[in-house]
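J.: One structure coming up, written as structure tokens, with questions to follow.
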Amino acid sequence: MFSSFLNLLTDPILQSSSLGSMLMCFSSSLIGVLVLLRKRSLIGETLSHASFPGIILSSALVDACCSSSQEWRAIPILLGSAISALIGFKMLEFLENQLKVKTDSALCFVLASFFGFGILMASHLQQIAPVTYQEALIFVYGQAATMTSLHVLLYGGFAVLTLGFILYFYRYLEAVIFDPVFAETLGIRSKKIDHVLFLLIVVAIVIGIRCVGIVLMAGMLIAPAVAAKPLTKSLSSFLVFSAFFGVVSAFVGNYLSVVTFHEKYSLPTGPMILLIASGFAVGSLLFSSKNGVVGRHLRARRFRLQCAIENALKKIWKEGIDRSPLDHKMRKRLYRLGWINREGLTLQGREKAEKIVRLHRLWEVYLVDYLGQRVDRVHQTAEELEHLILPGLEKDLTIFLKNPLNDPHHQKIPPVKGVYEEGPR
Amino acid sequence: MYSLEIEQLTVNYEETSVLWDISLSLPDKKMVAVVGPNGAGKSTFLKTLLGGVKPISGSILLYGQPLEKMRGHVGYVPQRSSVDWDFPITAFDLVMMGCFRQIKWFKWVSKKARHLTEQALEMVKMTPFAQQQIGQLSGGQQQRLFIARALAQQADIYLLDEPFAGVDIVTETALMQLLKELRDAGKTIIIVHHDLSSVEEHFDWVVLLNTCLIAAGPVSEIFNAQNIQRTYGKRHLFLEEAIFQTKKNSTGVL
Amino acid sequence: MNPYWNQDFFGFFVVLFSRLIGKISHEDLFTDEIQMLVLSGVAISTVTLGNFLTMRKMTMLANSLSHTTLLGIVLSYILLLHFHTHLGMCLHLTPSIFLLAALFSAVLTTFCTEFARNRLKLQEDASIGLVFTTLFALGIILVTLFTRNSHIGVEVITGNSDALHVADIKMVWGVTAITLLFTALFFRHWILITFDENLALFLGVPVKGLHYLMMFLTALTLISAFRAAGILLVLSFIVGPPLIARLWSHKLFCVISLSLGFGVLFSILGVAVSRFCLSVYGLSFSTGAIVVTLIAMGYAISVLLTFRSSKGLLLNNKGATSA
């Protein structure tokens, strides 16, 4: 299998499409990080559709003016789509700012209108130059298979450009994304950085649609970033992980597409790449140890178990081991923790129980004396808070409350060191 | 007769606000201020009373009845910032929304609803503006509309969320006057209020809230320096931090 | 023997009116008339829902839904293929496939988007963007596998107005009737949950159920428009006419009526323009795309015309001054 992986990169036929896809996804996943942080994922959808009229027009123009070789047409088409997308972006701004149209309506309107205008011209093109029409259509769903080395060069160049921009503007982007007002106080003109950002988004989209198509571009822009987010804490690692996921998705997508090639049909590359990327995204959201759903669920269960164990321990401390019926599992757990032995509480167990009771009663003092809570009500809250064993908390509370001796129910508060003299009641 | 009886109410709402073990009993026919620092849970408190947020534990009784039976008896005046003022409805339409339950489900209007709406508009002195689009009215007029909506709803309890934010003194006095008339007519008015200095002047009762209930009672008894200190002071930090951590632990967030 | 053949713009309408005055039975309908009827039907259904969707700021969700309908159609095909032995995927939409597909799409989209937002804690815009592209990609893969054909074509997106039959009229207007019926029944409810969801929740109005209903009807309309107009035109109807109407009026009923009027107007004009271009210049264009362009132009013209008017929303004109 490894050899067929390598094949993808070395075989001259497959090389361009795989490399090309990987480079495109590299750029778009980097930009996707910024888009995700700015919470403007849907703008990718609108701008990718807005580039369509540009594609059609430039295809037709290139056709009319010069019958240059196939390959070089890629450049004016790229330019045309970029200009079209930029006009779409300007329209968006105009609608939102001058005409006070709501964001989502503006996005949808520009999307539909521009794309519709593109289809209008395309329908005519279909009649007069069917070949050009078919070529322009590949941008709708993407087509990695027909990429050439020129494409690879072009997109490689753009990837380098994107990376360069991000590295150059890194500090500015960081500042502006997280706190634009603060950035202004540092003398950074957020508006200018914003313009750079949107220019980069247009570039990423325009290169990306050749690979995944107009319709799926919005997803490809953010999927690697969504996959990367739960795994990172800083902007730099975010960018690196996102790029990683993007490139790997492109590679695997291409691989799967090639491997399932039949005589009559093959699984289209664009959707495959997106599905892989989404798979990463969903997997990351579910299983990442930091904030994945599964991880959170497990941690919550662990905490509840800990509370149950501590409550059982407290009961034994208060009422003695004979009067506290324990089920088998709980008994084993307490044994394993070294908190009980055959007779009752061990020294460790006693200390632990006293620590918890101490916290409980300290909280009660705090709630009654300093927050004016009613005495008969504070027990419940303290029951929950006692399980919070934070390092400095006990010490801080003791100092703040000036080391009280009794809780509001007139029970003694166990002192910090030493064993409670009177023993369990 | 208690208008509101709350027992051990604990509420989680999204990732931020929390209400912890609130218990209080409010008499009816009172003007009540709910006071506390930002993030104290005042809006969450109102939303819970409306049934919009489900509490984790505790019970709420309105005039001795559970919340589900008393739907429609609580009128709600939302924060001005949360309303879409561009919405293409007239003042009349907005007030008539209060009569929603009066109209049979397959009908669009009914005579009774119209009548109630007209009466309500008259009471708040907004009849001349009935056909204006809501975005074309001033701040004070917009507040009056929502009060009228609660009137049309024939509510007994009125909940207002920071009604005087961003409104000038004259308007505030006029609105307060209207609300006092309603109170004198037998309604209970509960207002989330942000301005401590005007509490003594306008309100009968006050509820001091900061995640947990600091105190609730007549203004003359409860509204003193010590309680205000407890509500706004730094003593709260321990509890806030502890509740925050406990929530993180029990939901497994790192 | 199409009387519209070779007519220019005004000639088109002359023929139309003369045919309207005379008696027409539905065997006699010509392509142009079929197109007009189908597109108007789509317009009415879509614009009605579009008003609510724009007010609820759910147009991009509708965009999302429009992409997912592909998956919905494929899934219902697969499901029904188990029970019947239909051969060949020629996108032949029978009523049962229809309803099932709409149900699938609406439920899938809404459920997945909410799952991503609430359970996976993904931000709202990313939830929408990721869910619909993934589901659409899945749809494409499934279609390729089943039709053994990699070239779905752009028809999914734009539709093919020239291949419409009388049966399509019945289908489209059937859906329109359903939409209008439910809108009439639940009008007040939808307005309430749009304007003040808190109050609706409090008054015991089933907000979730009504939301799902709206999504289901949108999906139904989208699918009915599949053949005639394609996914694209429907989106244009959802946003365009309501936006235009908002420029002209601020009263709810006026806005809705105007938007419906504009929708139907642009549909008919679109067919006329299409015929005109073909007859006079010999240029053939997709009718759906013409309508979209007309809507955009209509918006631009309305902006220019209402710019200084006091009724429009462009001027923030707060009339009253005192409390």
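Residue numbering restarts at 1 for every chain of the structure tokens, chains are lettered A, B, ... in their displayed order, and ligands are numbered from 1 as they appear.
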Near Leu167 in chain A, counting only C-alpha atoms, which residues have an atom at most 12 Å away, once you skip same-chain residues fewer than 4 positions from it, shown as a list in words?

T.: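 The contact residues come out as Leu30, Ile31, Val160, Leu161, Thr162, Leu163, Arg171, Tyr172, Leu173, Glu174, Leu235, Ser236, Leu239 and Val240 of chain A.
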
J.: Using N, CA and C atoms, can you export the residues from the last selection as a PDB file, in the first residue's frame?

T.:
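Okay, out_11.pdb is ready:
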ATOM      1  N   LEU A  30      -4.744  27.380   5.591  1.00  0.00           N
ATOM      2  CA  LEU A  30      -4.136  28.451   6.383  1.00  0.00           C
ATOM      3  C   LEU A  30      -5.107  29.614   6.529  1.00  0.00           C
ATOM      4  N   ILE A  31      -5.659  30.015   5.403  1.00  0.00           N
ATOM      5  CA  ILE A  31      -6.607  31.139   5.433  1.00  0.00           C
ATOM      6  C   ILE A  31      -7.841  30.762   6.244  1.00  0.00           C
ATOM      7  N   VAL A 160       3.120  29.715  -1.546  1.00  0.00           N
ATOM      8  CA  VAL A 160       4.252  30.407  -0.947  1.00  0.00           C
ATOM      9  C   VAL A 160       3.879  31.842  -0.615  1.00  0.00           C
ATOM     10  N   LEU A 161       3.167  32.481  -1.552  1.00  0.00           N
ATOM     11  CA  LEU A 161       2.729  33.858  -1.337  1.00  0.00           C
ATOM     12  C   LEU A 161       1.859  33.981  -0.093  1.00  0.00           C
ATOM     13  N   THR A 162       0.883  33.070   0.010  1.00  0.00           N
ATOM     14  CA  THR A 162      -0.021  33.081   1.168  1.00  0.00           C
ATOM     15  C   THR A 162       0.774  32.936   2.447  1.00  0.00           C
ATOM     16  N   LEU A 163       1.656  31.933   2.449  1.00  0.00           N
ATOM     17  CA  LEU A 163       2.458  31.698   3.637  1.00  0.00           C
ATOM     18  C   LEU A 163       3.271  32.936   3.974  1.00  0.00           C
ATOM     19  N   ARG A 171       2.075  39.160  13.448  1.00  0.00           N
ATOM     20  CA  ARG A 171       1.783  39.884  14.697  1.00  0.00           C
ATOM     21  C   ARG A 171       0.535  40.744  14.550  1.00  0.00           C
ATOM     22  N   TYR A 172       0.412  41.366  13.372  1.00  0.00           N
ATOM     23  CA  TYR A 172      -0.748  42.239  13.163  1.00  0.00           C
ATOM     24  C   TYR A 172      -2.034  41.434  13.166  1.00  0.00           C
ATOM     25  N   LEU A 173      -2.013  40.301  12.464  1.00  0.00           N
ATOM     26  CA  LEU A 173      -3.206  39.462  12.379  1.00  0.00           C
ATOM     27  C   LEU A 173      -3.613  38.981  13.764  1.00  0.00           C
ATOM     28  N   GLU A 174      -2.613  38.550  14.512  1.00  0.00           N
ATOM     29  CA  GLU A 174      -2.892  38.073  15.861  1.00  0.00           C
ATOM     30  C   GLU A 174      -3.605  39.145  16.675  1.00  0.00           C
ATOM     31  N   LEU A 235      -2.036  30.627  18.077  1.00  0.00           N
ATOM     32  CA  LEU A 235      -2.321  30.854  16.668  1.00  0.00           C
ATOM     33  C   LEU A 235      -1.344  30.076  15.788  1.00  0.00           C
ATOM     34  N   SER A 236      -0.075  30.047  16.179  1.00  0.00           N
ATOM     35  CA  SER A 236       0.912  29.388  15.320  1.00  0.00           C
ATOM     36  C   SER A 236       0.655  27.895  15.213  1.00  0.00           C
ATOM     37  N   LEU A 239      -2.318  27.247  12.991  1.00  0.00           N
ATOM     38  CA  LEU A 239      -2.019  27.312  11.565  1.00  0.00           C
ATOM     39  C   LEU A 239      -1.327  26.037  11.091  1.00  0.00           C
ATOM     40  N   VAL A 240      -0.362  25.584  11.890  1.00  0.00           N
ATOM     41  CA  VAL A 240       0.390  24.394  11.478  1.00  0.00           C
ATOM     42  C   VAL A 240      -0.515  23.167  11.387  1.00  0.00           C
TER      43      VAL A 240
END

J.: Using only C-alpha atoms, find each residue of chain B with at least one atom at most 8 Å away from an atom of chain C; report its shortest atom-to-atom pair and that distance in Å (one decimal), sort the rows by chain and rising residue number, and return the result as a tab-separated table.

T.:
residue	atom	partner	partner_atom	distance
B:Leu50	CA	C:Phe202	CA	5.6
B:Gly51	CA	C:Phe202	CA	5.7
B:Gly52	CA	C:Leu201	CA	6.2
B:Arg71	CA	C:Leu203	CA	5.7
B:Gly72	CA	C:Leu203	CA	5.7
B:Tyr76	CA	C:Leu199	CA	7.4
B:Val83	CA	C:Asp196	CA	7.7
B:Asp84	CA	C:Phe195	CA	7.1
B:Phe87	CA	C:Phe195	CA	7.4
B:Pro88	CA	C:His250	CA	5.0
B:Ile89	CA	C:Leu252	CA	5.7
B:Thr90	CA	C:Lys251	CA	7.0
B:Met97	CA	C:Leu192	CA	7.1
B:Arg101	CA	C:Leu203	CA	7.5
B:Trp105	CA	C:Leu185	CA	7.6
B:Phe106	CA	C:Leu185	CA	5.4
B:Lys107	CA	C:Leu185	CA	7.6
B:Trp108	CA	C:Arg188	CA	6.6
B:Gln133	CA	C:His250	CA	6.8
B:Gly135	CA	C:Lys318	CA	7.2
B:Gln136	CA	C:Lys318	CA	4.3
B:Leu137	CA	C:Ala320	CA	5.8
B:Ser138	CA	C:Ala320	CA	6.1
B:Gly139	CA	C:Ala323	CA	7.3
B:Gly140	CA	C:Ala323	CA	4.7
B:Gln141	CA	C:Ala323	CA	5.4
B:Val170	CA	C:Ala323	CA	8.0
B:Thr171	CA	C:Ala323	CA	5.5
B:Ala174	CA	C:Ala323	CA	7.6

J.: Write the residues of the preceding selection, restricted to N, CA and C atoms, as a short mmCIF file (atom, residue, chain, number, x, y, z; two decimals), in the first residue's frame.

T.:
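New file part_29.cif:
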data_model
loop_
_atom_site.label_atom_id
_atom_site.label_comp_id
_atom_site.auth_asym_id
_atom_site.auth_seq_id
_atom_site.Cartn_x
_atom_site.Cartn_y
_atom_site.Cartn_z
N LEU B 50 -39.90 33.33 33.26
CA LEU B 50 -40.74 33.25 32.08
C LEU B 50 -40.86 31.83 31.55
N GLY B 51 -40.08 30.94 32.13
CA GLY B 51 -40.11 29.58 31.63
C GLY B 51 -39.20 29.36 30.44
N GLY B 52 -38.41 30.38 30.11
CA GLY B 52 -37.52 30.24 28.95
C GLY B 52 -36.30 29.38 29.28
N ARG B 71 -49.18 30.34 32.54
CA ARG B 71 -48.69 30.94 31.29
C ARG B 71 -49.60 32.08 30.88
N GLY B 72 -49.02 33.15 30.46
CA GLY B 72 -49.85 34.26 30.03
C GLY B 72 -50.11 35.25 31.15
N TYR B 76 -43.83 40.49 29.81
CA TYR B 76 -42.38 40.62 29.71
C TYR B 76 -42.00 41.81 28.83
N VAL B 83 -34.23 43.63 20.78
CA VAL B 83 -35.39 43.66 19.89
C VAL B 83 -34.97 44.07 18.48
N ASP B 84 -35.59 43.48 17.49
CA ASP B 84 -35.30 43.84 16.11
C ASP B 84 -36.24 44.98 15.71
N PHE B 87 -38.16 45.32 12.24
CA PHE B 87 -39.23 44.40 11.88
C PHE B 87 -40.45 45.17 11.39
N PRO B 88 -41.01 44.75 10.26
CA PRO B 88 -42.07 45.56 9.64
C PRO B 88 -43.44 45.39 10.30
N ILE B 89 -43.53 45.67 11.58
CA ILE B 89 -44.86 45.68 12.19
C ILE B 89 -45.14 47.03 12.80
N THR B 90 -46.41 47.30 12.91
CA THR B 90 -46.82 48.57 13.50
C THR B 90 -46.98 48.41 15.01
N MET B 97 -49.87 41.19 19.80
CA MET B 97 -49.20 39.91 20.03
C MET B 97 -49.48 39.40 21.43
N ARG B 101 -52.94 34.28 22.78
CA ARG B 101 -53.70 33.11 23.20
C ARG B 101 -55.19 33.31 23.14
N TRP B 105 -56.68 29.27 17.15
CA TRP B 105 -55.45 29.04 16.42
C TRP B 105 -55.57 29.19 14.91
N PHE B 106 -56.74 28.99 14.37
CA PHE B 106 -56.83 29.09 12.92
C PHE B 106 -57.28 30.47 12.46
N LYS B 107 -57.53 31.37 13.40
CA LYS B 107 -57.97 32.71 13.00
C LYS B 107 -56.80 33.69 13.01
N TRP B 108 -56.98 34.81 12.38
CA TRP B 108 -55.94 35.82 12.37
C TRP B 108 -56.23 36.95 13.36
N GLN B 133 -44.60 52.33 12.30
CA GLN B 133 -43.69 51.19 12.41
C GLN B 133 -42.85 51.35 13.66
N GLY B 135 -39.92 50.89 14.59
CA GLY B 135 -38.59 51.50 14.55
C GLY B 135 -38.62 53.00 14.49
N GLN B 136 -39.79 53.57 14.19
CA GLN B 136 -39.88 55.01 14.05
C GLN B 136 -40.24 55.72 15.35
N LEU B 137 -40.33 54.94 16.42
CA LEU B 137 -40.73 55.55 17.69
C LEU B 137 -39.53 55.80 18.57
N SER B 138 -39.71 56.69 19.55
CA SER B 138 -38.60 57.00 20.46
C SER B 138 -38.47 55.90 21.51
N GLY B 139 -37.39 55.96 22.27
CA GLY B 139 -37.11 54.93 23.27
C GLY B 139 -38.23 54.76 24.27
N GLY B 140 -38.70 55.89 24.79
CA GLY B 140 -39.76 55.83 25.79
C GLY B 140 -41.05 55.26 25.21
N GLN B 141 -41.35 55.64 23.96
CA GLN B 141 -42.56 55.13 23.33
C GLN B 141 -42.46 53.62 23.10
N VAL B 170 -36.48 62.45 31.98
CA VAL B 170 -37.90 62.79 31.81
C VAL B 170 -38.70 61.55 31.44
N THR B 171 -38.17 60.81 30.46
CA THR B 171 -38.86 59.59 30.04
C THR B 171 -38.94 58.60 31.18
N ALA B 174 -41.64 59.56 33.54
CA ALA B 174 -42.98 59.31 32.96
C ALA B 174 -43.32 57.83 32.97
#

J.: May I ask for the distance between CA of Pro12 in chain A and CA of Leu154 in chain A, given in Å to one decimal place?

T.: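 Distance between the two atoms: 17.4 Å.
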
J.: For the contact check between chain B and chain A, emit one row per residue of chain B within 12 Å, containing the shortest atom pair and the distance in Å rounded to one decimal, counting only C-alpha atoms, chain then rising number order, as a tab-separated table.

T.:
residue	atom	partner	partner_atom	distance
B:Glu7	CA	A:Arg377	CA	10.6
B:Gln8	CA	A:Arg377	CA	8.5
B:Leu9	CA	A:Arg377	CA	11.7
B:Thr10	CA	A:Thr381	CA	10.3
B:Leu19	CA	A:Thr381	CA	11.7
B:Trp20	CA	A:Thr381	CA	8.0
B:Asp21	CA	A:Thr381	CA	7.5
B:Ile22	CA	A:Arg377	CA	9.5
B:Ser23	CA	A:Arg377	CA	9.0
B:Leu24	CA	A:Arg374	CA	11.3
B:Ser57	CA	A:Gln380	CA	11.9
B:Asp84	CA	A:Lys102	CA	11.1
B:Asp86	CA	A:Lys100	CA	10.1
B:Phe87	CA	A:Lys102	CA	11.6
B:Leu208	CA	A:Gly372	CA	10.9
B:Leu209	CA	A:Leu371	CA	10.7
B:Asn210	CA	A:Leu371	CA	9.6
B:Thr211	CA	A:Leu371	CA	10.8
B:Cys212	CA	A:Gln373	CA	8.4
B:Leu213	CA	A:Gln373	CA	7.4
B:Ile214	CA	A:Gly372	CA	5.9
B:Ala215	CA	A:Gly372	CA	7.4
B:Ala216	CA	A:Gly372	CA	11.0
B:Ile222	CA	A:Gly372	CA	11.5
B:Gln226	CA	A:Gly372	CA	9.6
B:Asn227	CA	A:Gly372	CA	8.0
B:Ile228	CA	A:Leu371	CA	10.5
B:Gln229	CA	A:Leu371	CA	9.4
B:Arg230	CA	A:Leu371	CA	5.8
B:Thr231	CA	A:Leu371	CA	7.8
B:Tyr232	CA	A:Leu371	CA	10.6
B:Gly233	CA	A:Leu371	CA	9.8
B:Lys234	CA	A:Tyr370	CA	10.3
B:Arg235	CA	A:Tyr370	CA	6.8
B:His236	CA	A:Leu371	CA	7.5
B:Leu237	CA	A:Leu371	CA	10.9
B:Phe238	CA	A:Leu397	CA	8.0
B:Leu239	CA	A:Leu367	CA	8.4
B:Glu240	CA	A:Leu385	CA	11.1
B:Glu241	CA	A:Leu393	CA	10.0
B:Ala242	CA	A:Leu385	CA	6.8
B:Ile243	CA	A:Leu385	CA	7.4
B:Phe244	CA	A:Leu385	CA	10.5
B:Gln245	CA	A:Leu388	CA	7.6
B:Thr246	CA	A:Leu388	CA	6.7
B:Lys247	CA	A:Ala300	CA	9.8
B:Lys248	CA	A:Ala300	CA	8.6
B:Asn249	CA	A:Ala300	CA	6.3
B:Ser250	CA	A:Ala300	CA	4.9
B:Thr251	CA	A:Ala300	CA	5.1
B:Gly252	CA	A:Arg296	CA	4.1
B:Val253	CA	A:Arg296	CA	5.7
B:Leu254	CA	A:Lys290	CA	6.4

J.: Return the neighbours of chain A among the residues of chain C, cut-off 7 Å, counting only C-alpha atoms, as a PyMOL selection string.

T.: chain C and resi 54+57+59-60+120+125-126+129-130+133-134+137+141+144+148-150+232+235-236+239-240+283-286+289-290+292-293+296+314

J.: Could you save the residues just selected, with C-alpha atoms, as a PDB file, in the first residue's frame?

T.:
ATOM      1  CA  THR C  54     -35.251  36.658   5.718  1.00  0.00           C
ATOM      2  CA  LYS C  57     -32.121  35.587   9.398  1.00  0.00           C
ATOM      3  CA  THR C  59     -31.429  32.580   4.468  1.00  0.00           C
ATOM      4  CA  MET C  60     -28.038  30.913   4.653  1.00  0.00           C
ATOM      5  CA  LEU C 120     -19.972  19.666  19.401  1.00  0.00           C
ATOM      6  CA  ASP C 125     -21.379  29.976  10.944  1.00  0.00           C
ATOM      7  CA  ALA C 126     -18.975  27.059  10.824  1.00  0.00           C
ATOM      8  CA  GLY C 129     -20.880  25.832   6.351  1.00  0.00           C
ATOM      9  CA  LEU C 130     -19.457  22.461   7.299  1.00  0.00           C
ATOM     10  CA  THR C 133     -20.920  20.994   2.175  1.00  0.00           C
ATOM     11  CA  THR C 134     -20.288  17.621   3.766  1.00  0.00           C
ATOM     12  CA  ALA C 137     -20.325  15.964  -1.019  1.00  0.00           C
ATOM     13  CA  ILE C 141     -20.510  10.515  -4.140  1.00  0.00           C
ATOM     14  CA  THR C 144     -21.861   8.891  -8.818  1.00  0.00           C
ATOM     15  CA  ARG C 148     -22.241   5.184 -12.581  1.00  0.00           C
ATOM     16  CA  ASN C 149     -21.834   8.545 -14.170  1.00  0.00           C
ATOM     17  CA  SER C 150     -19.423  11.195 -13.064  1.00  0.00           C
ATOM     18  CA  LEU C 232     -30.131  28.553  -7.664  1.00  0.00           C
ATOM     19  CA  LEU C 235     -32.423  31.080  -3.444  1.00  0.00           C
ATOM     20  CA  SER C 236     -32.807  34.204  -5.473  1.00  0.00           C
ATOM     21  CA  VAL C 239     -33.980  36.741  -0.665  1.00  0.00           C
ATOM     22  CA  GLY C 240     -34.572  39.010  -3.646  1.00  0.00           C
ATOM     23  CA  LEU C 283     -29.281  34.119 -28.442  1.00  0.00           C
ATOM     24  CA  SER C 284     -30.406  31.376 -26.152  1.00  0.00           C
ATOM     25  CA  PHE C 285     -30.172  31.841 -22.429  1.00  0.00           C
ATOM     26  CA  SER C 286     -31.317  29.820 -19.468  1.00  0.00           C
ATOM     27  CA  ALA C 289     -30.725  32.623 -14.943  1.00  0.00           C
ATOM     28  CA  ILE C 290     -32.565  35.445 -16.685  1.00  0.00           C
ATOM     29  CA  VAL C 292     -32.208  35.798 -11.289  1.00  0.00           C
ATOM     30  CA  THR C 293     -30.556  38.597 -13.211  1.00  0.00           C
ATOM     31  CA  ALA C 296     -30.901  41.654  -9.130  1.00  0.00           C
ATOM     32  CA  LEU C 314     -32.717  53.827   4.031  1.00  0.00           C
TER      33      LEU C 314
END

J.: DSSP on the backbone: which residues in range 21-254 of chain B end up as strand (DSSP E)? Give the answer as a ChimeraX atom specification.

T.: /B:21-27,31-35,57-62,65-66,74-77,157-161,188-192,205-210,212-218

J.: Please, what distance in Å, to one decimal, runs between CA of Ala312 in chain A and CA of Met330 in chain A?

T.: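 It comes out at 8.0 Å.
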
J.: Please run DSSP on the backbone and report, as a PyMOL selection string, all residues within range 199-270 of chain A that come out as alpha helix (DSSP H).

T.: chain A and resi 199-212+214-228+235-259+269-270
